[in-house]
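**Student:** Enclosed is the structure file entry09.txt (compact mmCIF, C-alpha atoms).
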```txt
# COMPACT_ATOMS: atom_id res chain seq x y z
CA MET A 1 0.00 0.00 0.00
CA ASP A 2 1.02 3.65 -0.41
CA TYR A 3 0.60 6.14 2.41
CA ASN A 4 1.20 9.89 2.36
CA LEU A 5 2.75 11.27 5.52
CA PHE A 6 2.25 14.98 6.15
CA SER A 7 4.30 17.28 8.38
CA ILE A 8 5.00 15.90 11.85
CA ARG A 9 5.63 18.19 14.76
CA SER A 10 6.14 17.28 18.39
CA ASN A 11 2.59 18.09 19.51
CA ASP A 12 -0.83 16.45 19.76
CA ALA A 13 -1.46 16.87 16.02
CA GLY A 14 1.86 15.18 15.22
CA PHE A 15 1.09 12.23 17.47
CA SER A 16 -2.44 12.00 16.03
CA ALA A 17 -1.00 11.89 12.51
CA LEU A 18 1.38 9.05 13.46
CA ALA A 19 -1.45 7.27 15.28
CA LYS A 20 -3.51 7.41 12.09
CA LEU A 21 -0.70 5.68 10.20
CA ALA A 22 -0.66 2.95 12.85
CA VAL A 23 -4.43 2.47 12.66
CA VAL A 24 -4.59 2.41 8.85
CA THR A 25 -1.82 -0.21 8.64
CA LYS A 26 -2.91 -2.22 11.66
CA GLU A 27 -4.11 -5.32 9.77
CA ILE A 28 -1.42 -5.38 7.10
CA THR A 29 0.98 -8.33 6.99
CA ASN A 30 3.43 -9.64 4.38
CA ASP A 31 3.04 -6.54 2.26
CA GLU A 32 5.13 -3.71 0.87
CA ILE A 33 4.33 -0.32 2.33
CA GLU A 34 5.56 2.83 0.64
CA LEU A 35 5.61 5.75 3.01
CA ASN A 36 5.55 8.84 0.84
CA PHE A 37 7.16 11.87 2.45
CA ASN A 38 6.51 14.15 -0.53
CA TYR A 39 4.00 16.26 1.44
CA CYS A 40 5.98 16.13 4.66
CA LYS A 41 7.46 19.61 4.72
CA HIS A 42 8.61 19.48 8.31
CA PHE A 43 9.58 16.64 10.64
CA ASP A 44 10.71 17.28 14.21
CA ALA A 45 13.77 15.07 14.67
CA ASN A 46 12.66 13.65 18.01
CA MET A 47 9.47 12.28 16.39
CA ALA A 48 11.61 9.65 14.65
CA ALA A 49 11.32 7.57 17.84
CA PRO A 50 7.50 7.22 17.79
CA LEU A 51 7.57 6.73 14.00
CA ALA A 52 10.07 3.91 14.56
CA VAL A 53 7.60 2.19 16.89
CA ILE A 54 5.02 2.07 14.10
CA LEU A 55 7.43 1.03 11.36
CA ASN A 56 9.15 -1.64 13.44
CA THR A 57 5.78 -3.06 14.41
CA LEU A 58 4.99 -3.33 10.69
CA ILE A 59 8.38 -4.93 10.00
CA ALA A 60 7.75 -7.44 12.80
CA ARG A 61 4.62 -8.48 10.84
CA LYS A 62 6.86 -9.26 7.86
CA ASN A 63 6.08 -6.10 5.92
CA THR A 64 8.75 -4.27 4.01
CA ILE A 65 8.90 -0.49 4.27
CA LYS A 66 10.04 1.95 1.63
CA ILE A 67 10.56 5.59 2.51
CA ALA A 68 9.93 7.65 -0.61
CA SER A 69 10.49 11.24 -1.72
CA PRO A 70 11.44 13.06 1.46
CA PRO A 71 12.06 16.76 0.78
CA TRP A 72 15.75 17.54 1.25
CA LYS A 73 15.27 19.37 4.55
CA VAL A 74 13.46 16.40 6.08
CA GLU A 75 15.84 13.87 4.52
CA GLU A 76 18.81 15.75 5.93
CA ILE A 77 17.39 15.67 9.48
CA LEU A 78 16.53 11.99 9.32
CA ARG A 79 19.83 10.97 7.74
CA LYS A 80 21.82 12.96 10.26
CA ASN A 81 20.05 11.30 13.16
CA ARG A 82 20.51 7.90 11.46
CA PHE A 83 16.80 7.11 11.39
CA LEU A 84 16.83 6.52 7.63
CA GLN A 85 19.84 4.21 7.79
CA ASP A 86 17.63 1.12 8.09
CA PHE A 87 15.70 2.19 4.98
CA GLY A 88 18.60 2.36 2.58
CA TYR A 89 19.76 5.94 3.09
CA ARG A 90 23.39 6.71 3.92
CA VAL A 91 24.08 8.49 7.19
CA LEU A 92 24.99 12.16 6.88
CA GLU A 93 27.65 13.49 9.17
CA ASP A 94 26.18 15.66 11.91
CA THR A 95 28.54 18.58 11.31
CA ASN A 96 26.71 20.87 13.74
CA HIS A 97 26.92 18.25 16.47
CA THR A 98 23.34 18.81 17.54
CA THR A 99 21.92 15.33 17.11
CA LEU A 100 21.30 12.62 19.64
CA PRO A 101 21.06 9.81 17.12
CA PHE A 102 18.21 7.40 16.74
CA ALA A 103 18.86 4.12 18.55
CA GLN A 104 16.99 0.97 19.53
CA ILE A 105 17.80 -0.19 23.04
CA PRO A 106 16.77 -3.57 24.49
CA ILE A 107 14.60 -3.24 27.57
CA SER A 108 16.85 -5.60 29.48
CA LYS A 109 19.79 -3.23 29.19
CA PRO A 110 19.45 0.09 31.01
CA GLN A 111 23.25 0.14 31.03
CA SER A 112 23.13 0.50 27.23
CA PHE A 113 21.07 3.61 27.72
CA ALA A 114 23.76 4.99 30.02
CA VAL A 115 26.35 4.31 27.33
CA TYR A 116 24.13 6.11 24.79
CA LEU A 117 23.94 9.17 27.05
CA ASP A 118 27.66 9.13 27.75
CA ASP A 119 28.43 8.89 24.04
CA HIS A 120 26.08 11.58 22.85
CA MET A 121 25.44 14.09 25.60
CA GLU A 122 28.92 15.47 26.01
CA GLY A 123 31.39 17.03 23.66
CA LYS A 124 29.03 17.03 20.69
CA GLY A 125 28.35 20.73 20.55
CA ILE A 126 25.69 20.52 23.18
CA PRO A 127 26.73 23.27 25.58
CA ARG A 128 28.15 22.23 28.85
CA MET A 129 25.27 22.30 31.26
CA THR A 130 25.89 23.01 34.91
CA GLN A 131 26.79 19.85 36.77
CA THR A 132 23.61 19.89 38.82
CA LEU A 133 21.44 20.39 35.72
CA GLU A 134 23.12 17.52 33.95
CA LYS A 135 22.67 15.27 36.97
CA ALA A 136 18.98 16.21 37.33
CA PHE A 137 18.47 15.68 33.59
CA ARG A 138 20.13 12.25 33.62
CA GLN A 139 18.12 11.29 36.66
CA SER A 140 14.90 12.34 34.91
CA ILE A 141 15.57 10.42 31.73
CA PHE A 142 16.60 7.30 33.62
CA GLU A 143 13.33 7.54 35.55
CA ILE A 144 11.46 7.64 32.21
CA PHE A 145 13.49 4.82 30.71
CA VAL A 146 13.09 2.49 33.68
CA ASN A 147 9.40 3.41 33.97
CA CYS A 148 8.81 2.47 30.34
CA VAL A 149 10.84 -0.71 30.71
CA GLY A 150 8.78 -1.76 33.71
CA HIS A 151 5.42 -1.12 32.16
CA SER A 152 5.64 -1.49 28.41
CA ARG A 153 6.19 -5.26 28.00
CA SER A 154 7.59 -4.18 24.66
CA GLU A 155 9.37 -6.94 22.78
CA LEU A 156 10.80 -4.45 20.31
CA GLY A 157 12.64 -2.57 23.05
CA MET A 158 12.89 1.17 23.37
CA PHE A 159 13.52 3.72 20.65
CA VAL A 160 15.35 6.90 21.56
CA CYS A 161 16.53 9.99 19.77
CA GLY A 162 16.94 13.65 20.42
CA GLN A 163 17.80 17.02 19.03
CA PHE A 164 19.55 20.06 20.40
CA TYR A 165 18.36 23.48 19.25
CA PRO A 166 21.26 25.82 20.10
CA TYR A 167 19.49 29.06 19.18
CA ASP A 168 16.55 28.37 21.50
CA GLY A 169 18.62 26.62 24.16
CA ARG A 170 16.41 23.55 24.06
CA LEU A 171 17.28 19.89 24.13
CA ASP A 172 14.62 17.32 23.26
CA LEU A 173 15.04 13.67 24.15
CA THR A 174 12.31 11.23 23.24
CA ILE A 175 11.83 7.66 24.44
CA SER A 176 9.22 5.45 22.77
CA ASP A 177 8.09 1.92 23.37
CA ALA A 178 5.82 -0.36 21.40
CA GLY A 179 4.16 -1.72 24.49
CA ILE A 180 0.61 -1.97 25.73
CA GLY A 181 0.31 1.66 26.79
CA ILE A 182 -0.51 3.33 30.08
CA ARG A 183 -4.26 2.72 29.68
CA GLN A 184 -3.92 -1.05 29.51
CA ASN A 185 -1.57 -1.14 32.50
CA VAL A 186 -3.89 0.94 34.65
CA ARG A 187 -6.97 -0.99 33.54
CA ARG A 188 -5.33 -4.27 34.53
CA HIS A 189 -4.08 -2.89 37.80
CA LEU A 190 -7.41 -1.40 38.86
CA GLN A 191 -9.38 -4.20 37.22
CA ASP A 192 -11.53 -1.62 35.52
CA GLY A 193 -11.86 -1.87 31.75
CA ASN A 194 -13.60 1.46 31.34
CA ILE A 195 -10.78 3.82 32.13
CA SER A 196 -9.93 6.11 29.23
CA SER A 197 -6.39 6.89 28.08
CA ILE A 198 -6.53 10.37 29.57
CA GLU A 199 -7.85 9.14 32.91
CA ALA A 200 -5.12 6.48 32.91
CA ILE A 201 -2.40 9.08 32.32
CA LYS A 202 -3.89 11.22 35.12
CA TRP A 203 -3.79 8.19 37.41
CA ALA A 204 -0.16 7.43 36.50
CA LEU A 205 0.84 11.03 37.17
CA LYS A 206 -0.59 11.01 40.67
CA GLU A 207 2.19 10.70 43.23
CA GLY A 208 2.41 7.25 44.79
CA ASN A 209 0.31 5.52 42.14
CA THR A 210 2.03 2.55 40.54
CA THR A 211 0.88 -0.45 38.56
CA LYS A 212 3.75 -2.55 39.83
CA SER A 213 2.72 -5.79 41.42
CA GLY A 214 4.11 -7.13 44.66
CA ASN A 215 5.09 -5.20 47.72
CA LYS A 216 7.16 -2.59 45.97
CA PRO A 217 6.29 1.07 46.29
CA GLY A 218 6.70 3.36 43.30
CA GLY A 219 4.95 6.15 41.50
CA MET A 220 7.57 8.80 42.09
CA GLY A 221 9.32 9.06 38.74
CA LEU A 222 6.79 11.30 37.00
CA LYS A 223 6.35 13.49 40.06
CA LEU A 224 10.11 14.05 40.31
CA LEU A 225 10.20 14.73 36.59
CA LYS A 226 7.52 17.41 36.91
CA ASP A 227 9.33 18.99 39.87
CA PHE A 228 12.47 19.24 37.77
CA ILE A 229 10.79 20.53 34.61
CA LEU A 230 8.89 23.20 36.54
CA ILE A 231 12.13 24.69 37.87
CA ASN A 232 14.00 24.19 34.61
CA GLY A 233 11.36 25.80 32.39
CA GLY A 234 11.22 22.81 30.09
CA LYS A 235 8.41 20.64 28.84
CA ILE A 236 7.10 17.08 29.22
CA GLN A 237 4.91 15.39 26.65
CA ILE A 238 3.39 11.94 27.01
CA ALA A 239 1.46 10.23 24.23
CA SER A 240 -0.09 6.86 24.96
CA ARG A 241 -2.99 5.27 23.12
CA GLN A 242 -5.64 8.01 22.77
CA GLY A 243 -4.19 10.26 25.43
CA PHE A 244 -1.80 13.19 25.08
CA TYR A 245 -0.42 15.08 28.03
CA GLN A 246 1.73 18.18 28.09
CA PHE A 247 3.27 19.95 31.05
CA ALA A 248 4.94 23.29 30.36
CA GLY A 249 5.23 26.54 32.28
CA GLY A 250 3.38 24.99 35.22
CA ASN A 251 0.31 24.27 33.06
CA GLU A 252 -1.06 20.81 32.38
CA GLU A 253 -2.99 19.91 29.24
CA PHE A 254 -4.79 16.67 28.45
CA ILE A 255 -5.93 16.13 24.88
CA LYS A 256 -7.73 13.14 23.39
CA LEU A 257 -5.93 11.96 20.27
CA ALA A 258 -8.01 11.33 17.17
CA SER A 259 -6.52 7.85 16.68
CA ASP A 260 -5.05 5.10 18.82
CA PHE A 261 -1.32 5.74 19.20
CA PRO A 262 0.60 2.52 19.90
CA GLY A 263 2.60 2.14 23.09
CA THR A 264 3.91 5.08 25.03
CA THR A 265 6.16 7.96 24.06
CA VAL A 266 7.66 10.42 26.49
CA ASN A 267 9.33 13.55 25.20
CA LEU A 268 11.41 15.56 27.60
CA GLU A 269 12.46 19.03 26.57
CA ILE A 270 14.88 20.88 28.79
CA ASN A 271 16.04 24.45 28.87
CA THR A 272 19.82 24.11 28.54
CA LYS A 273 20.44 27.73 29.57
CA ASP A 274 19.10 26.98 33.03
CA ASP A 275 21.58 27.79 35.79
CA HIS A 276 19.53 26.72 38.81
CA ILE A 277 21.23 24.71 41.48
CA TYR A 278 19.18 21.52 41.75
CA GLN A 279 19.32 20.99 45.42
CA LEU A 280 16.05 21.27 47.18
CA ILE A 281 15.99 23.00 50.51
CA SER A 282 15.92 19.92 52.62
CA GLU A 283 16.65 18.94 56.15
CA ALA A 284 17.52 15.40 55.09
CA THR A 285 20.59 13.99 56.82
CA PRO A 286 21.71 10.39 57.25
CA ASN A 287 20.23 10.55 60.75
CA ASN A 288 16.68 11.55 59.93
CA ILE A 289 15.74 9.97 56.63
CA PHE A 290 14.23 6.74 57.94
CA MET B 1 26.85 -5.74 71.27
CA ASN B 2 26.28 -6.11 67.53
CA SER B 3 29.02 -4.70 65.31
CA GLU B 4 28.03 -2.80 62.17
CA THR B 5 28.35 -4.40 58.77
CA ARG B 6 29.19 -2.14 55.85
CA ILE B 7 27.59 -2.87 52.48
CA SER B 8 28.79 -1.22 49.28
CA ILE B 9 26.08 -0.51 46.71
CA LEU B 10 28.78 -0.21 44.06
CA GLU B 11 30.00 -3.74 44.79
CA ILE B 12 26.54 -5.29 44.76
CA VAL B 13 25.41 -3.59 41.56
CA GLY B 14 28.81 -3.87 39.91
CA SER B 15 28.36 -0.49 38.28
CA PRO B 16 28.01 3.16 39.36
CA ILE B 17 24.67 3.31 37.54
CA CYS B 18 21.97 2.43 40.03
CA VAL B 19 18.76 2.72 38.04
CA SER B 20 17.18 -0.67 37.47
CA GLU B 21 14.67 -2.43 39.70
CA GLU B 22 16.61 -5.70 39.32
CA ASP B 23 19.71 -4.10 40.81
CA GLY B 24 17.55 -2.54 43.52
CA GLN B 25 16.22 -6.00 44.34
CA ALA B 26 19.78 -7.37 44.69
CA VAL B 27 20.57 -4.60 47.18
CA HIS B 28 17.32 -5.24 49.07
CA ASP B 29 18.08 -8.95 49.29
CA LYS B 30 21.45 -8.15 50.82
CA ILE B 31 20.07 -5.71 53.42
CA ALA B 32 16.87 -7.44 54.53
CA PRO B 33 18.49 -10.45 56.32
CA PHE B 34 20.47 -8.07 58.53
CA ILE B 35 17.33 -6.33 59.72
CA GLN B 36 15.61 -9.67 60.07
CA ASP B 37 18.45 -10.80 62.36
CA HIS B 38 18.42 -7.48 64.19
CA LYS B 39 21.97 -6.59 63.11
CA PRO B 40 22.98 -3.00 62.30
CA VAL B 41 24.02 -2.34 58.71
CA VAL B 42 25.58 0.66 56.95
CA ILE B 43 24.88 1.10 53.24
CA SER B 44 27.60 2.99 51.43
CA PHE B 45 26.77 4.86 48.22
CA ALA B 46 30.42 5.70 47.53
CA GLY B 47 31.16 5.73 43.79
CA VAL B 48 27.51 5.78 42.68
CA THR B 49 26.99 8.26 39.83
CA ASP B 50 23.38 7.71 38.79
CA LEU B 51 20.68 7.06 41.36
CA ILE B 52 16.92 7.17 40.80
CA SER B 53 13.72 6.54 42.72
CA ALA B 54 12.88 3.36 40.78
CA PHE B 55 16.05 1.76 42.17
CA LEU B 56 15.65 3.10 45.71
CA ASN B 57 11.97 2.10 45.89
CA VAL B 58 12.95 -1.52 45.48
CA ALA B 59 16.27 -1.45 47.35
CA ILE B 60 15.07 0.42 50.44
CA GLY B 61 11.43 1.54 50.14
CA GLN B 62 10.32 -2.08 49.93
CA LEU B 63 11.67 -2.68 53.45
CA TYR B 64 8.79 -0.66 54.92
CA GLY B 65 6.43 -3.43 53.83
CA GLU B 66 8.49 -6.00 55.71
CA PHE B 67 9.70 -4.27 58.85
CA ASN B 68 8.37 -1.53 61.05
CA GLU B 69 9.76 1.98 60.96
CA GLU B 70 11.46 1.67 64.35
CA GLN B 71 13.42 -1.42 63.29
CA ILE B 72 14.57 0.27 60.09
CA ARG B 73 15.50 3.49 61.86
CA GLU B 74 17.45 1.63 64.53
CA LEU B 75 19.39 -0.74 62.28
CA LEU B 76 19.86 0.99 58.94
CA THR B 77 22.36 3.78 58.26
CA VAL B 78 23.47 5.31 54.97
CA SER B 79 26.81 6.91 54.16
CA ASP B 80 28.61 8.66 51.31
CA MET B 81 25.48 10.28 49.86
CA GLU B 82 25.31 13.73 48.29
CA PRO B 83 22.67 16.12 49.73
CA ASP B 84 20.43 15.70 46.65
CA GLU B 85 20.67 11.92 46.97
CA LEU B 86 19.74 12.10 50.65
CA ASP B 87 16.77 14.23 49.68
CA LEU B 88 15.73 11.68 47.07
CA LEU B 89 16.00 8.82 49.57
CA LYS B 90 13.94 10.80 52.10
CA GLN B 91 11.19 11.23 49.50
CA VAL B 92 11.36 7.54 48.62
CA ASN B 93 11.01 6.56 52.28
CA ASP B 94 8.12 8.95 52.90
CA ASN B 95 6.38 7.64 49.77
CA ALA B 96 6.93 4.03 50.87
CA LYS B 97 5.46 4.69 54.31
CA ALA B 98 2.37 6.29 52.75
CA TYR B 99 2.11 3.49 50.17
CA PHE B 100 2.04 0.68 52.69
CA LYS B 101 -0.45 2.53 54.89
CA ASN B 102 -2.89 3.64 52.20
CA ARG B 103 -2.40 1.40 49.22
CA GLN B 104 -5.91 -0.06 48.86
CA ALA B 105 -7.60 3.17 49.81
CA TYR B 106 -5.79 4.97 46.96
CA ASP B 107 -6.93 2.53 44.29
CA GLN B 108 -10.49 2.32 45.57
CA ALA B 109 -10.86 6.10 45.67
CA TRP B 110 -9.78 6.32 42.04
CA LYS B 111 -12.10 3.53 40.92
CA ASP B 112 -15.01 5.47 42.36
CA GLU B 113 -13.93 8.67 40.65
CA VAL B 114 -13.31 7.91 36.98
CA GLY B 115 -15.88 7.80 34.24
CA ASP B 116 -15.75 5.71 31.13
CA GLU B 117 -15.14 6.56 27.50
CA GLU B 118 -13.22 5.23 24.49
```
With the file now loaded, output its structure as structure tokens.

**Tutor:**
Amino acid sequence: MDYNLFSIRSNDAGFSALAKLAVVTKEITNDEIELNFNYCKHFDANMAAPLAVILNTLIARKNTIKIASPPWKVEEILRKNRFLQDFGYRVLEDTNHTTLPFAQIPISKPQSFAVYLDDHMEGKGIPRMTQTLEKAFRQSIFEIFVNCVGHSRSELGMFVCGQFYPYDGRLDLTISDAGIGIRQNVRRHLQDGNISSIEAIKWALKEGNTTKSGNKPGGMGLKLLKDFILINGGKIQIASRQGFYQFAGGNEEFIKLASDFPGTTVNLEINTKDDHIYQLISEATPNNIF
Amino acid sequence: MNSETRISILEIVGSPICVSEEDGQAVHDKIAPFIQDHKPVVISFAGVTDLISAFLNVAIGQLYGEFNEEQIRELLTVSDMEPDELDLLKQVNDNAKAYFKNRQAYDQAWKDEVGDEE
């Protein structure tokens, strides 16, 4: 089949457009799918991760994918971040050193994610962040990664990529999984099949809520992430099934997506010009923390 | 009098990156028998570079479901932690205490609240 992909930005409309592709191709197996980028005038680099979820799901069903006619600007972005490498396009050197390349990371290997960050966060033109900002950022993205690993049950692993925008002082890092989504996890946990995607995301965001089984507390990762992003002036986006969530400037938005977006994607955007010291005013000492 | 045993997180995990629940479980399994046997234990975080709540929830927070607060406070000590790491661990412990006290109430309240769609 042939499918025309239009511009994809990192917002609810972009996720809805990718979700539509997933829905339209949902039943296709053993086929050849030509994804026509001719009308795709803009593609935010970080959105390669959620697109990879859809394409790799199709490949897992023995389909072959052809990426056709990307306009040069889009092709350049997706060759530089190595997304197009698996579709027969040569990698372009990232001369501006602003790309956190596309990568697929097995869920069993959080250490591989650490290697990815070590390889691509430093010395690649991304400005040296203050030590406390870098530590808080790493902590936040590990929380996301481990959260997704624990809940996705994704056999395809995790897809990551990112982009640094030097002029705006923004760094986007996106982690996607092809798992069952937040809604399904919360429905199973609460044994309530009626919960919508948005209600499920709201539940997952509530401090202390966790779908983990057994006597293990949790439910802190997203709260800590929000605390950090609020101070930093960055942005969090979560897309999972028909739910889209955005937290920016202290405001929360929940939007119902037009189509069912597979798995879960978390996009973290940080303000790299931030010079806050990330140490909360705390009375915690080794003698009073238990 | 019981002498203190010192446990190195770095040695148990085998890496300075303390992020996974599996590694947290290995640390928990090392600590829990000491508390069970009423022996004091010091957990050293020396050399740890990455530490997150998902790891600490399993390594330490989980203990609040197995032992009472007094036992943990009396027998467990931490060392070589940065102020931000201490703060994180304090939040993990407070969350764990609330979790084990209110767990079912939380879920039930939410079940009553949500509507259905989709």

**Student:** Taking only C-alpha atoms into account, what are the residues of chain A at most 7 Å from chain B, put as JSON, numbers by chain?

**Tutor:** {"A": [110, 139, 142, 143, 146, 190, 194, 195, 196, 199, 208, 215, 216, 217, 218, 220, 221, 279, 282, 284, 285, 286, 289, 290]}

**Student:** Keeping only C-alpha atoms, write the selected residues to a file as a PDB file, keeping the file's coordinate frame.

**Tutor:**
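Saved to part_28.pdb:
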```
ATOM      1  CA  PRO A 110      19.450   0.090  31.010  1.00  0.00           C
ATOM      2  CA  GLN A 139      18.120  11.290  36.660  1.00  0.00           C
ATOM      3  CA  PHE A 142      16.600   7.300  33.620  1.00  0.00           C
ATOM      4  CA  GLU A 143      13.330   7.540  35.550  1.00  0.00           C
ATOM      5  CA  VAL A 146      13.090   2.490  33.680  1.00  0.00           C
ATOM      6  CA  LEU A 190      -7.410  -1.400  38.860  1.00  0.00           C
ATOM      7  CA  ASN A 194     -13.600   1.460  31.340  1.00  0.00           C
ATOM      8  CA  ILE A 195     -10.780   3.820  32.130  1.00  0.00           C
ATOM      9  CA  SER A 196      -9.930   6.110  29.230  1.00  0.00           C
ATOM     10  CA  GLU A 199      -7.850   9.140  32.910  1.00  0.00           C
ATOM     11  CA  GLY A 208       2.410   7.250  44.790  1.00  0.00           C
ATOM     12  CA  ASN A 215       5.090  -5.200  47.720  1.00  0.00           C
ATOM     13  CA  LYS A 216       7.160  -2.590  45.970  1.00  0.00           C
ATOM     14  CA  PRO A 217       6.290   1.070  46.290  1.00  0.00           C
ATOM     15  CA  GLY A 218       6.700   3.360  43.300  1.00  0.00           C
ATOM     16  CA  MET A 220       7.570   8.800  42.090  1.00  0.00           C
ATOM     17  CA  GLY A 221       9.320   9.060  38.740  1.00  0.00           C
ATOM     18  CA  GLN A 279      19.320  20.990  45.420  1.00  0.00           C
ATOM     19  CA  SER A 282      15.920  19.920  52.620  1.00  0.00           C
ATOM     20  CA  ALA A 284      17.520  15.400  55.090  1.00  0.00           C
ATOM     21  CA  THR A 285      20.590  13.990  56.820  1.00  0.00           C
ATOM     22  CA  PRO A 286      21.710  10.390  57.250  1.00  0.00           C
ATOM     23  CA  ILE A 289      15.740   9.970  56.630  1.00  0.00           C
ATOM     24  CA  PHE A 290      14.230   6.740  57.940  1.00  0.00           C
TER      25      PHE A 290
END
```

**Student:** Between CA of Asp2 (chain A) and CA of Leu92 (chain A), measure the distance and give it in Å to one decimal.

**Tutor:** 26.5 Å

**Student:** By how many Å are CA of Thr211 (chain A) and CA of Pro16 (chain B) apart?

**Tutor:** 27.4 Å

**Student:** Pick out the closest residue to Asp260 (chain A) from this set: A:Asn56, A:Gln246, A:Ser197, A:Asn36. Count only C-alpha atoms.

**Tutor:**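 With only C-alpha atoms as the atom set, the closest residue is A:Ser197.
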
**Student:** Work out how far CA of Gln111 (chain A) is from CA of Ile31 (chain B), in Å to one decimal.

**Tutor:**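 These two atoms are separated by 23.4 Å.
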
**Student:** Excluding same-chain residues fewer than 5 positions from Phe15 (chain A), what lies within 10 Å of it counting only C-alpha atoms, as a PyMOL selection string?

**Tutor:** chain A and resi 8-10+20-21+47+50-51+238-244+257-261+265

**Student:** Could you pull the residues within 9 Å of Ile180 (chain A), counting only C-alpha atoms, minus those fewer than 6 positions along the same chain, as a PyMOL selection string?

**Tutor:** chain A and resi 151-154+240-241+262-264

**Student:** Neighbours of Ser3 (chain B) within 9 Å (all atoms listed in the file; same-chain residues fewer than 5 positions away dropped), as a list in words?

**Tutor:**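 Counting only the stated atoms, we get Lys39, Pro40 and Val41 of chain B.
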
**Student:** Given the choices A:Thr98, A:Thr29, A:Asn209, A:Asn185, which gets closest to Asp172 (chain A) if the distance is worked out from only C-alpha atoms?

**Tutor:**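 Distance minimum relative to Asp172 (chain A) lands on A:Thr98.
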
**Student:** Between A:Val74, A:Leu173, A:Ala60, A:Ile201, single out the one closest to Phe137 (chain A), counting all atoms listed in the file.

**Tutor:**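 Checking each candidate against Phe137 (chain A), we get A:Leu173 as the closest.
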
**Student:** Restricting the calculation to all atoms listed in the file, which member of A:Ile28, A:Phe159, A:Lys41, A:Ser112 is positioned closest to Phe83 (chain A)?

**Tutor:**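 Of all the options, A:Phe159 lies closest to Phe83 (chain A).
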
**Student:** Which residue gives the smallest distance to Thr64 (chain A) among A:Asp274, A:Asp227, A:Asp168, A:Glu34, with only C-alpha atoms counted?

**Tutor:** A:Glu34

**Student:** Can I get region 160-164 of chain A with all heavy atoms filled in, as a compact mmCIF listing (two decimals), in the coordinates of the input?

**Tutor:**
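Wrote it out as out_21.txt, contents follow:
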```txt
# COMPACT_ATOMS: atom_id res chain seq x y z
N VAL A 160 15.01 5.58 21.03
CA VAL A 160 15.35 6.90 21.56
C VAL A 160 15.99 7.77 20.47
O VAL A 160 16.65 7.25 19.55
CB VAL A 160 16.33 6.83 22.76
CG1 VAL A 160 15.73 6.06 23.91
CG2 VAL A 160 17.66 6.23 22.37
N CYS A 161 15.78 9.04 20.58
CA CYS A 161 16.53 9.99 19.77
C CYS A 161 16.29 11.39 20.32
O CYS A 161 15.41 11.59 21.16
CB CYS A 161 16.19 9.92 18.29
SG CYS A 161 14.55 10.44 17.88
N GLY A 162 17.09 12.31 19.88
CA GLY A 162 16.94 13.65 20.42
C GLY A 162 17.56 14.69 19.52
O GLY A 162 18.24 14.37 18.53
N GLN A 163 17.30 15.92 19.85
CA GLN A 163 17.80 17.02 19.03
C GLN A 163 18.08 18.21 19.93
O GLN A 163 17.28 18.54 20.80
CB GLN A 163 16.76 17.40 17.97
CG GLN A 163 17.20 18.45 16.98
CD GLN A 163 18.28 17.94 16.01
OE1 GLN A 163 18.26 16.80 15.60
NE2 GLN A 163 19.22 18.80 15.66
N PHE A 164 19.21 18.84 19.67
CA PHE A 164 19.55 20.06 20.40
C PHE A 164 19.32 21.25 19.47
O PHE A 164 19.71 21.22 18.31
CB PHE A 164 21.02 19.99 20.85
CG PHE A 164 21.52 21.27 21.43
CD1 PHE A 164 20.85 21.90 22.47
CD2 PHE A 164 22.69 21.86 20.94
CE1 PHE A 164 21.31 23.09 23.01
CE2 PHE A 164 23.15 23.05 21.47
CZ PHE A 164 22.47 23.67 22.50
```
